[in-house]
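I have placed the structure first, in the form of structure tokens, so that the comments after it can refer back to it.
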Amino acid sequence: MRFLVTGSIRSDNGPRTILTGALIFFLLFTLAHFAREWNSTGATPAEVQASLGQEDFSTQAILLLEDLHIDLVLFGMALLFIGSVLYQVRGSRRLRNGIFLTLSTLILLYIVSRFLVPLNEFMAYPVVALFYGVHTLMFGTLLWILQDLYRSPQ
């Protein structure tokens, strides 16, 4: 991980290959998480309400605890990696910071909003919006980082 601190992520002596592999795995994680959530939670407000709103809050919260700890660990690792690499991606600091802050916030809101569906059926709407938003932004950010690794120096 030294190359994440020293600024040598584009070096042909190894870091670029290692980062490419990690980026591909995080892209696969994003796709797999999207498919898993599509199947378990749903992709429309009606499906989300049907899957998360049928139980009372305490029962649903217990059922969501497993998802919560998995999502927090995996998204936390993804954010740690993305934040480390974003620090060295070519682009404005404001843009990079904005992407990281937005992605972090959307992930937390998505996780929290899923817990609120049993309390209010209208929470299914933000769950769906955040579902698409988180996965699209994460996938796009990972592709941008991957593209930047191989972009010629200016």
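Scheme for the structure tokens: letters A, B, ... for chains in order shown; per-chain residue numbers from 1; ligand numbers from 1 in order shown.
By chain and then residue number, the residues within 10 Å of A:Ser40 are Phe34, Ala35, Glu47, Val48, Ser51 and Leu52 of chain A, counting only C-alpha atoms and disregarding those fewer than 5 positions away in sequence.
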Selected residues written out, all heavy atoms, as a short mmCIF file (atom, residue, chain, number, x, y, z; two decimals), in the first residue's frame:
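Final output, saved to out-v4.cif:
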data_model
loop_
_atom_site.label_atom_id
_atom_site.label_comp_id
_atom_site.auth_asym_id
_atom_site.auth_seq_id
_atom_site.Cartn_x
_atom_site.Cartn_y
_atom_site.Cartn_z
N PHE A 34 -25.19 -5.10 -6.41
CA PHE A 34 -26.36 -4.60 -7.12
C PHE A 34 -27.33 -5.75 -7.40
O PHE A 34 -28.53 -5.63 -7.12
CB PHE A 34 -25.93 -3.93 -8.44
CG PHE A 34 -27.07 -3.36 -9.23
CD1 PHE A 34 -27.51 -2.07 -8.99
CD2 PHE A 34 -27.69 -4.10 -10.23
CE1 PHE A 34 -28.57 -1.53 -9.72
CE2 PHE A 34 -28.74 -3.57 -10.96
CZ PHE A 34 -29.18 -2.29 -10.71
N ALA A 35 -26.82 -6.86 -7.92
CA ALA A 35 -27.67 -8.02 -8.23
C ALA A 35 -28.30 -8.60 -6.97
O ALA A 35 -29.48 -8.96 -6.96
CB ALA A 35 -26.86 -9.08 -8.96
N GLU A 47 -41.71 -3.20 -4.79
CA GLU A 47 -40.93 -4.38 -4.41
C GLU A 47 -40.22 -4.16 -3.06
O GLU A 47 -40.15 -5.08 -2.24
CB GLU A 47 -39.90 -4.72 -5.48
CG GLU A 47 -40.50 -5.23 -6.77
CD GLU A 47 -39.47 -5.39 -7.88
OE1 GLU A 47 -38.30 -4.95 -7.71
OE2 GLU A 47 -39.83 -5.94 -8.93
N VAL A 48 -39.69 -2.96 -2.87
CA VAL A 48 -39.01 -2.66 -1.60
C VAL A 48 -40.01 -2.72 -0.46
O VAL A 48 -39.73 -3.30 0.59
CB VAL A 48 -38.32 -1.27 -1.67
CG1 VAL A 48 -37.83 -0.84 -0.30
CG2 VAL A 48 -37.17 -1.30 -2.66
N SER A 51 -40.81 -6.32 0.30
CA SER A 51 -39.75 -7.11 0.92
C SER A 51 -39.34 -6.59 2.30
O SER A 51 -38.96 -7.37 3.17
CB SER A 51 -38.52 -7.19 0.02
OG SER A 51 -37.92 -5.93 -0.12
N LEU A 52 -39.42 -5.28 2.52
CA LEU A 52 -38.97 -4.71 3.79
C LEU A 52 -40.09 -4.21 4.69
O LEU A 52 -39.88 -4.01 5.87
CB LEU A 52 -38.00 -3.55 3.54
CG LEU A 52 -36.71 -3.87 2.78
CD1 LEU A 52 -35.89 -2.61 2.59
CD2 LEU A 52 -35.91 -4.92 3.50
#
Residues of stretch 43-105 of chain A in alpha helix (DSSP H) according to DSSP, as a PDB file with N, CA, C and O atoms, in the first residue's frame?
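In the end it all went to result_28.pdb:
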ATOM      1  N   PRO A  45     -40.222   0.846  -5.801  1.00  0.00           N
ATOM      2  CA  PRO A  45     -40.784   1.103  -4.463  1.00  0.00           C
ATOM      3  C   PRO A  45     -41.765   0.014  -4.009  1.00  0.00           C
ATOM      4  O   PRO A  45     -41.769  -0.357  -2.830  1.00  0.00           O
ATOM      5  N   ALA A  46     -42.559  -0.526  -4.914  1.00  0.00           N
ATOM      6  CA  ALA A  46     -43.509  -1.577  -4.539  1.00  0.00           C
ATOM      7  C   ALA A  46     -42.777  -2.835  -4.079  1.00  0.00           C
ATOM      8  O   ALA A  46     -43.173  -3.462  -3.085  1.00  0.00           O
ATOM      9  N   GLU A  47     -41.706  -3.197  -4.787  1.00  0.00           N
ATOM     10  CA  GLU A  47     -40.931  -4.380  -4.405  1.00  0.00           C
ATOM     11  C   GLU A  47     -40.224  -4.163  -3.063  1.00  0.00           C
ATOM     12  O   GLU A  47     -40.153  -5.076  -2.241  1.00  0.00           O
ATOM     13  N   VAL A  48     -39.685  -2.963  -2.871  1.00  0.00           N
ATOM     14  CA  VAL A  48     -39.011  -2.656  -1.602  1.00  0.00           C
ATOM     15  C   VAL A  48     -40.009  -2.719  -0.458  1.00  0.00           C
ATOM     16  O   VAL A  48     -39.729  -3.303   0.591  1.00  0.00           O
ATOM     17  N   GLN A  49     -41.179  -2.128  -0.655  1.00  0.00           N
ATOM     18  CA  GLN A  49     -42.207  -2.162   0.386  1.00  0.00           C
ATOM     19  C   GLN A  49     -42.635  -3.592   0.673  1.00  0.00           C
ATOM     20  O   GLN A  49     -42.818  -3.973   1.831  1.00  0.00           O
ATOM     21  N   ALA A  50     -42.743  -4.414  -0.358  1.00  0.00           N
ATOM     22  CA  ALA A  50     -43.147  -5.806  -0.162  1.00  0.00           C
ATOM     23  C   ALA A  50     -42.077  -6.606   0.583  1.00  0.00           C
ATOM     24  O   ALA A  50     -42.400  -7.460   1.413  1.00  0.00           O
ATOM     25  N   SER A  51     -40.812  -6.321   0.297  1.00  0.00           N
ATOM     26  CA  SER A  51     -39.752  -7.112   0.924  1.00  0.00           C
ATOM     27  C   SER A  51     -39.344  -6.587   2.304  1.00  0.00           C
ATOM     28  O   SER A  51     -38.963  -7.367   3.168  1.00  0.00           O
ATOM     29  N   LEU A  52     -39.423  -5.277   2.517  1.00  0.00           N
ATOM     30  CA  LEU A  52     -38.967  -4.711   3.789  1.00  0.00           C
ATOM     31  C   LEU A  52     -40.091  -4.212   4.687  1.00  0.00           C
ATOM     32  O   LEU A  52     -39.884  -4.009   5.873  1.00  0.00           O
ATOM     33  N   PHE A  57     -41.259  -3.207  12.783  1.00  0.00           N
ATOM     34  CA  PHE A  57     -39.925  -2.607  12.794  1.00  0.00           C
ATOM     35  C   PHE A  57     -38.899  -3.464  13.516  1.00  0.00           C
ATOM     36  O   PHE A  57     -37.803  -3.682  13.022  1.00  0.00           O
ATOM     37  N   SER A  58     -39.232  -3.974  14.691  1.00  0.00           N
ATOM     38  CA  SER A  58     -38.242  -4.737  15.459  1.00  0.00           C
ATOM     39  C   SER A  58     -37.865  -6.032  14.761  1.00  0.00           C
ATOM     40  O   SER A  58     -36.696  -6.408  14.727  1.00  0.00           O
ATOM     41  N   THR A  59     -38.822  -6.718  14.172  1.00  0.00           N
ATOM     42  CA  THR A  59     -38.522  -7.955  13.445  1.00  0.00           C
ATOM     43  C   THR A  59     -37.680  -7.659  12.219  1.00  0.00           C
ATOM     44  O   THR A  59     -36.692  -8.346  11.941  1.00  0.00           O
ATOM     45  N   GLN A  60     -38.046  -6.625  11.456  1.00  0.00           N
ATOM     46  CA  GLN A  60     -37.303  -6.278  10.245  1.00  0.00           C
ATOM     47  C   GLN A  60     -35.894  -5.801  10.586  1.00  0.00           C
ATOM     48  O   GLN A  60     -34.950  -6.115   9.877  1.00  0.00           O
ATOM     49  N   ALA A  61     -35.742  -5.072  11.673  1.00  0.00           N
ATOM     50  CA  ALA A  61     -34.414  -4.593  12.075  1.00  0.00           C
ATOM     51  C   ALA A  61     -33.480  -5.763  12.365  1.00  0.00           C
ATOM     52  O   ALA A  61     -32.311  -5.742  11.981  1.00  0.00           O
ATOM     53  N   ILE A  62     -34.003  -6.772  13.026  1.00  0.00           N
ATOM     54  CA  ILE A  62     -33.175  -7.949  13.312  1.00  0.00           C
ATOM     55  C   ILE A  62     -32.771  -8.645  12.022  1.00  0.00           C
ATOM     56  O   ILE A  62     -31.629  -9.060  11.846  1.00  0.00           O
ATOM     57  N   LEU A  63     -33.718  -8.743  11.072  1.00  0.00           N
ATOM     58  CA  LEU A  63     -33.410  -9.382   9.790  1.00  0.00           C
ATOM     59  C   LEU A  63     -32.383  -8.588   8.986  1.00  0.00           C
ATOM     60  O   LEU A  63     -31.588  -9.152   8.242  1.00  0.00           O
ATOM     61  N   LEU A  64     -32.394  -7.263   9.155  1.00  0.00           N
ATOM     62  CA  LEU A  64     -31.476  -6.416   8.394  1.00  0.00           C
ATOM     63  C   LEU A  64     -30.098  -6.280   9.033  1.00  0.00           C
ATOM     64  O   LEU A  64     -29.175  -5.749   8.418  1.00  0.00           O
ATOM     65  N   LEU A  65     -29.937  -6.757  10.265  1.00  0.00           N
ATOM     66  CA  LEU A  65     -28.644  -6.629  10.929  1.00  0.00           C
ATOM     67  C   LEU A  65     -27.533  -7.360  10.169  1.00  0.00           C
ATOM     68  O   LEU A  65     -26.404  -6.870  10.100  1.00  0.00           O
ATOM     69  N   GLU A  66     -27.841  -8.513   9.615  1.00  0.00           N
ATOM     70  CA  GLU A  66     -26.824  -9.222   8.841  1.00  0.00           C
ATOM     71  C   GLU A  66     -26.411  -8.408   7.623  1.00  0.00           C
ATOM     72  O   GLU A  66     -25.227  -8.249   7.342  1.00  0.00           O
ATOM     73  N   ASP A  67     -27.400  -7.882   6.903  1.00  0.00           N
ATOM     74  CA  ASP A  67     -27.080  -7.018   5.766  1.00  0.00           C
ATOM     75  C   ASP A  67     -26.286  -5.798   6.209  1.00  0.00           C
ATOM     76  O   ASP A  67     -25.362  -5.371   5.528  1.00  0.00           O
ATOM     77  N   LEU A  68     -26.652  -5.239   7.351  1.00  0.00           N
ATOM     78  CA  LEU A  68     -25.974  -4.049   7.852  1.00  0.00           C
ATOM     79  C   LEU A  68     -24.494  -4.313   8.082  1.00  0.00           C
ATOM     80  O   LEU A  68     -23.651  -3.554   7.600  1.00  0.00           O
ATOM     81  N   HIS A  69     -24.166  -5.368   8.772  1.00  0.00           N
ATOM     82  CA  HIS A  69     -22.747  -5.581   9.071  1.00  0.00           C
ATOM     83  C   HIS A  69     -21.973  -5.951   7.815  1.00  0.00           C
ATOM     84  O   HIS A  69     -20.830  -5.546   7.640  1.00  0.00           O
ATOM     85  N   ILE A  70     -22.583  -6.671   6.894  1.00  0.00           N
ATOM     86  CA  ILE A  70     -21.912  -6.991   5.634  1.00  0.00           C
ATOM     87  C   ILE A  70     -21.682  -5.706   4.829  1.00  0.00           C
ATOM     88  O   ILE A  70     -20.586  -5.454   4.332  1.00  0.00           O
ATOM     89  N   ASP A  71     -22.736  -4.900   4.699  1.00  0.00           N
ATOM     90  CA  ASP A  71     -22.623  -3.663   3.918  1.00  0.00           C
ATOM     91  C   ASP A  71     -21.618  -2.697   4.524  1.00  0.00           C
ATOM     92  O   ASP A  71     -20.826  -2.077   3.804  1.00  0.00           O
ATOM     93  N   LEU A  72     -21.633  -2.546   5.840  1.00  0.00           N
ATOM     94  CA  LEU A  72     -20.697  -1.613   6.469  1.00  0.00           C
ATOM     95  C   LEU A  72     -19.244  -2.043   6.261  1.00  0.00           C
ATOM     96  O   LEU A  72     -18.386  -1.219   5.964  1.00  0.00           O
ATOM     97  N   VAL A  73     -18.977  -3.331   6.393  1.00  0.00           N
ATOM     98  CA  VAL A  73     -17.604  -3.804   6.204  1.00  0.00           C
ATOM     99  C   VAL A  73     -17.184  -3.678   4.748  1.00  0.00           C
ATOM    100  O   VAL A  73     -16.125  -3.109   4.430  1.00  0.00           O
ATOM    101  N   LEU A  74     -17.992  -4.206   3.841  1.00  0.00           N
ATOM    102  CA  LEU A  74     -17.593  -4.198   2.433  1.00  0.00           C
ATOM    103  C   LEU A  74     -17.568  -2.791   1.838  1.00  0.00           C
ATOM    104  O   LEU A  74     -16.632  -2.429   1.128  1.00  0.00           O
ATOM    105  N   PHE A  75     -18.585  -1.992   2.130  1.00  0.00           N
ATOM    106  CA  PHE A  75     -18.570  -0.619   1.628  1.00  0.00           C
ATOM    107  C   PHE A  75     -17.473   0.189   2.314  1.00  0.00           C
ATOM    108  O   PHE A  75     -16.866   1.061   1.699  1.00  0.00           O
ATOM    109  N   GLY A  76     -17.211  -0.093   3.581  1.00  0.00           N
ATOM    110  CA  GLY A  76     -16.113   0.586   4.273  1.00  0.00           C
ATOM    111  C   GLY A  76     -14.776   0.300   3.621  1.00  0.00           C
ATOM    112  O   GLY A  76     -13.956   1.206   3.420  1.00  0.00           O
ATOM    113  N   MET A  77     -14.535  -0.955   3.278  1.00  0.00           N
ATOM    114  CA  MET A  77     -13.286  -1.315   2.599  1.00  0.00           C
ATOM    115  C   MET A  77     -13.225  -0.663   1.213  1.00  0.00           C
ATOM    116  O   MET A  77     -12.171  -0.178   0.798  1.00  0.00           O
ATOM    117  N   ALA A  78     -14.348  -0.652   0.521  1.00  0.00           N
ATOM    118  CA  ALA A  78     -14.382  -0.024  -0.796  1.00  0.00           C
ATOM    119  C   ALA A  78     -14.090   1.470  -0.682  1.00  0.00           C
ATOM    120  O   ALA A  78     -13.312   2.023  -1.468  1.00  0.00           O
ATOM    121  N   LEU A  79     -14.681   2.129   0.310  1.00  0.00           N
ATOM    122  CA  LEU A  79     -14.435   3.560   0.485  1.00  0.00           C
ATOM    123  C   LEU A  79     -12.992   3.846   0.891  1.00  0.00           C
ATOM    124  O   LEU A  79     -12.410   4.835   0.442  1.00  0.00           O
ATOM    125  N   LEU A  80     -12.420   2.995   1.719  1.00  0.00           N
ATOM    126  CA  LEU A  80     -11.016   3.154   2.091  1.00  0.00           C
ATOM    127  C   LEU A  80     -10.133   3.072   0.854  1.00  0.00           C
ATOM    128  O   LEU A  80      -9.247   3.906   0.635  1.00  0.00           O
ATOM    129  N   PHE A  81     -10.372   2.067   0.039  1.00  0.00           N
ATOM    130  CA  PHE A  81      -9.584   1.888  -1.186  1.00  0.00           C
ATOM    131  C   PHE A  81      -9.817   3.041  -2.165  1.00  0.00           C
ATOM    132  O   PHE A  81      -8.870   3.639  -2.677  1.00  0.00           O
ATOM    133  N   ILE A  82     -11.078   3.367  -2.419  1.00  0.00           N
ATOM    134  CA  ILE A  82     -11.405   4.431  -3.370  1.00  0.00           C
ATOM    135  C   ILE A  82     -10.822   5.759  -2.895  1.00  0.00           C
ATOM    136  O   ILE A  82     -10.242   6.512  -3.690  1.00  0.00           O
ATOM    137  N   GLY A  83     -10.962   6.057  -1.615  1.00  0.00           N
ATOM    138  CA  GLY A  83     -10.410   7.308  -1.087  1.00  0.00           C
ATOM    139  C   GLY A  83      -8.908   7.381  -1.235  1.00  0.00           C
ATOM    140  O   GLY A  83      -8.351   8.423  -1.586  1.00  0.00           O
ATOM    141  N   SER A  84      -8.227   6.266  -0.999  1.00  0.00           N
ATOM    142  CA  SER A  84      -6.763   6.243  -1.133  1.00  0.00           C
ATOM    143  C   SER A  84      -6.320   6.475  -2.560  1.00  0.00           C
ATOM    144  O   SER A  84      -5.359   7.197  -2.813  1.00  0.00           O
ATOM    145  N   VAL A  85      -7.017   5.857  -3.491  1.00  0.00           N
ATOM    146  CA  VAL A  85      -6.620   5.982  -4.895  1.00  0.00           C
ATOM    147  C   VAL A  85      -7.111   7.308  -5.486  1.00  0.00           C
ATOM    148  O   VAL A  85      -6.409   7.932  -6.272  1.00  0.00           O
ATOM    149  N   LEU A  86      -8.302   7.743  -5.078  1.00  0.00           N
ATOM    150  CA  LEU A  86      -8.825   9.030  -5.575  1.00  0.00           C
ATOM    151  C   LEU A  86      -7.882  10.173  -5.254  1.00  0.00           C
ATOM    152  O   LEU A  86      -7.816  11.152  -5.987  1.00  0.00           O
ATOM    153  N   ARG A  93      -9.154  18.771  -7.014  1.00  0.00           N
ATOM    154  CA  ARG A  93      -9.300  18.285  -5.637  1.00  0.00           C
ATOM    155  C   ARG A  93     -10.760  18.403  -5.196  1.00  0.00           C
ATOM    156  O   ARG A  93     -11.282  17.532  -4.515  1.00  0.00           O
ATOM    157  N   ARG A  94     -11.403  19.459  -5.600  1.00  0.00           N
ATOM    158  CA  ARG A  94     -12.802  19.668  -5.238  1.00  0.00           C
ATOM    159  C   ARG A  94     -13.687  18.548  -5.791  1.00  0.00           C
ATOM    160  O   ARG A  94     -14.561  18.030  -5.101  1.00  0.00           O
ATOM    161  N   LEU A  95     -13.451  18.154  -7.040  1.00  0.00           N
ATOM    162  CA  LEU A  95     -14.211  17.068  -7.654  1.00  0.00           C
ATOM    163  C   LEU A  95     -13.962  15.748  -6.926  1.00  0.00           C
ATOM    164  O   LEU A  95     -14.899  15.029  -6.581  1.00  0.00           O
ATOM    165  N   ARG A  96     -12.710  15.444  -6.671  1.00  0.00           N
ATOM    166  CA  ARG A  96     -12.367  14.184  -5.991  1.00  0.00           C
ATOM    167  C   ARG A  96     -12.967  14.134  -4.587  1.00  0.00           C
ATOM    168  O   ARG A  96     -13.531  13.124  -4.183  1.00  0.00           O
ATOM    169  N   ASN A  97     -12.840  15.228  -3.845  1.00  0.00           N
ATOM    170  CA  ASN A  97     -13.422  15.283  -2.508  1.00  0.00           C
ATOM    171  C   ASN A  97     -14.948  15.183  -2.560  1.00  0.00           C
ATOM    172  O   ASN A  97     -15.566  14.530  -1.719  1.00  0.00           O
ATOM    173  N   GLY A  98     -15.531  15.855  -3.549  1.00  0.00           N
ATOM    174  CA  GLY A  98     -16.987  15.812  -3.712  1.00  0.00           C
ATOM    175  C   GLY A  98     -17.495  14.414  -4.024  1.00  0.00           C
ATOM    176  O   GLY A  98     -18.514  13.979  -3.471  1.00  0.00           O
ATOM    177  N   ILE A  99     -16.776  13.711  -4.889  1.00  0.00           N
ATOM    178  CA  ILE A  99     -17.167  12.334  -5.214  1.00  0.00           C
ATOM    179  C   ILE A  99     -17.088  11.466  -3.971  1.00  0.00           C
ATOM    180  O   ILE A  99     -18.011  10.707  -3.673  1.00  0.00           O
ATOM    181  N   PHE A 100     -15.993  11.564  -3.242  1.00  0.00           N
ATOM    182  CA  PHE A 100     -15.830  10.722  -2.056  1.00  0.00           C
ATOM    183  C   PHE A 100     -16.883  11.040  -1.002  1.00  0.00           C
ATOM    184  O   PHE A 100     -17.500  10.128  -0.429  1.00  0.00           O
ATOM    185  N   LEU A 101     -17.116  12.313  -0.735  1.00  0.00           N
ATOM    186  CA  LEU A 101     -18.110  12.711   0.263  1.00  0.00           C
ATOM    187  C   LEU A 101     -19.518  12.290  -0.162  1.00  0.00           C
ATOM    188  O   LEU A 101     -20.293  11.768   0.643  1.00  0.00           O
ATOM    189  N   THR A 102     -19.841  12.495  -1.429  1.00  0.00           N
ATOM    190  CA  THR A 102     -21.161  12.113  -1.934  1.00  0.00           C
ATOM    191  C   THR A 102     -21.364  10.609  -1.847  1.00  0.00           C
ATOM    192  O   THR A 102     -22.410  10.138  -1.380  1.00  0.00           O
ATOM    193  N   LEU A 103     -20.366   9.847  -2.281  1.00  0.00           N
ATOM    194  CA  LEU A 103     -20.478   8.387  -2.235  1.00  0.00           C
ATOM    195  C   LEU A 103     -20.630   7.898  -0.790  1.00  0.00           C
ATOM    196  O   LEU A 103     -21.488   7.062  -0.496  1.00  0.00           O
ATOM    197  N   SER A 104     -19.832   8.431   0.113  1.00  0.00           N
ATOM    198  CA  SER A 104     -19.919   8.040   1.527  1.00  0.00           C
ATOM    199  C   SER A 104     -21.292   8.353   2.102  1.00  0.00           C
ATOM    200  O   SER A 104     -21.900   7.526   2.790  1.00  0.00           O
ATOM    201  N   THR A 105     -21.784   9.534   1.818  1.00  0.00           N
ATOM    202  CA  THR A 105     -23.091   9.955   2.334  1.00  0.00           C
ATOM    203  C   THR A 105     -24.214   9.102   1.752  1.00  0.00           C
ATOM    204  O   THR A 105     -25.111   8.662   2.487  1.00  0.00           O
TER     205      THR A 105
END
Within 7 Å of stretch 133-143 of chain A, which residues of stretch 5-110 of chain A come that close, and what is the closest atom pair and distance in Å for each? Count only C-alpha atoms and give it as a tab-separated table.
residue	atom	partner	partner_atom	distance
A:Leu23	CA	A:Leu142	CA	6.4
A:Leu27	CA	A:Phe139	CA	6.2
A:Thr30	CA	A:His135	CA	6.4
A:Phe34	CA	A:His135	CA	6.6
A:Leu103	CA	A:Val134	CA	6.5
A:Leu106	CA	A:Val134	CA	6.0
A:Ile107	CA	A:Val134	CA	6.1
Output file for the selection above: all heavy atoms, as a CSV table (one decimal), in the first residue's frame:
chain,number,residue,atom,x,y,z
A,23,LEU,N,-9.2,-2.9,-8.6
A,23,LEU,CA,-10.3,-2.1,-9.2
A,23,LEU,C,-11.3,-3.1,-9.9
A,23,LEU,O,-12.5,-2.9,-9.7
A,23,LEU,CB,-9.8,-1.1,-10.2
A,23,LEU,CG,-9.1,0.1,-9.6
A,23,LEU,CD1,-8.3,0.9,-10.6
A,23,LEU,CD2,-10.2,1.0,-8.9
A,27,LEU,N,-15.1,-3.5,-8.9
A,27,LEU,CA,-16.2,-3.5,-9.9
A,27,LEU,C,-17.1,-4.7,-9.8
A,27,LEU,O,-18.3,-4.6,-9.9
A,27,LEU,CB,-15.6,-3.3,-11.3
A,27,LEU,CG,-15.1,-1.9,-11.7
A,27,LEU,CD1,-14.2,-2.0,-12.9
A,27,LEU,CD2,-16.2,-0.9,-11.8
A,30,THR,N,-19.3,-4.4,-6.8
A,30,THR,CA,-20.4,-3.5,-7.1
A,30,THR,C,-21.5,-4.2,-7.9
A,30,THR,O,-22.7,-4.0,-7.5
A,30,THR,CB,-19.9,-2.2,-7.8
A,30,THR,OG1,-18.8,-1.6,-7.0
A,30,THR,CG2,-21.0,-1.2,-8.0
A,34,PHE,N,-25.2,-5.1,-6.4
A,34,PHE,CA,-26.4,-4.6,-7.1
A,34,PHE,C,-27.3,-5.7,-7.4
A,34,PHE,O,-28.5,-5.6,-7.1
A,34,PHE,CB,-25.9,-3.9,-8.4
A,34,PHE,CG,-27.1,-3.4,-9.2
A,34,PHE,CD1,-27.5,-2.1,-9.0
A,34,PHE,CD2,-27.7,-4.1,-10.2
A,34,PHE,CE1,-28.6,-1.5,-9.7
A,34,PHE,CE2,-28.7,-3.6,-11.0
A,34,PHE,CZ,-29.2,-2.3,-10.7
A,103,LEU,N,-20.4,9.8,-2.3
A,103,LEU,CA,-20.5,8.4,-2.2
A,103,LEU,C,-20.6,7.9,-0.8
A,103,LEU,O,-21.5,7.1,-0.5
A,103,LEU,CB,-19.3,7.7,-2.9
A,103,LEU,CG,-19.3,6.2,-3.1
A,103,LEU,CD1,-20.5,5.8,-3.8
A,103,LEU,CD2,-18.0,5.8,-3.7
A,106,LEU,N,-24.2,8.9,0.4
A,106,LEU,CA,-25.2,8.1,-0.2
A,106,LEU,C,-25.2,6.6,0.4
A,106,LEU,O,-26.3,6.1,0.6
A,106,LEU,CB,-25.0,8.0,-1.7
A,106,LEU,CG,-25.3,9.3,-2.5
A,106,LEU,CD1,-25.1,9.2,-3.9
A,106,LEU,CD2,-26.7,9.8,-2.2
A,107,ILE,N,-24.1,6.1,0.6
A,107,ILE,CA,-24.0,4.7,1.1
A,107,ILE,C,-24.7,4.7,2.5
A,107,ILE,O,-25.5,3.8,2.8
A,107,ILE,CB,-22.6,4.2,1.2
A,107,ILE,CG1,-22.1,3.9,-0.2
A,107,ILE,CG2,-22.4,3.0,2.1
A,107,ILE,CD1,-20.6,3.6,-0.3
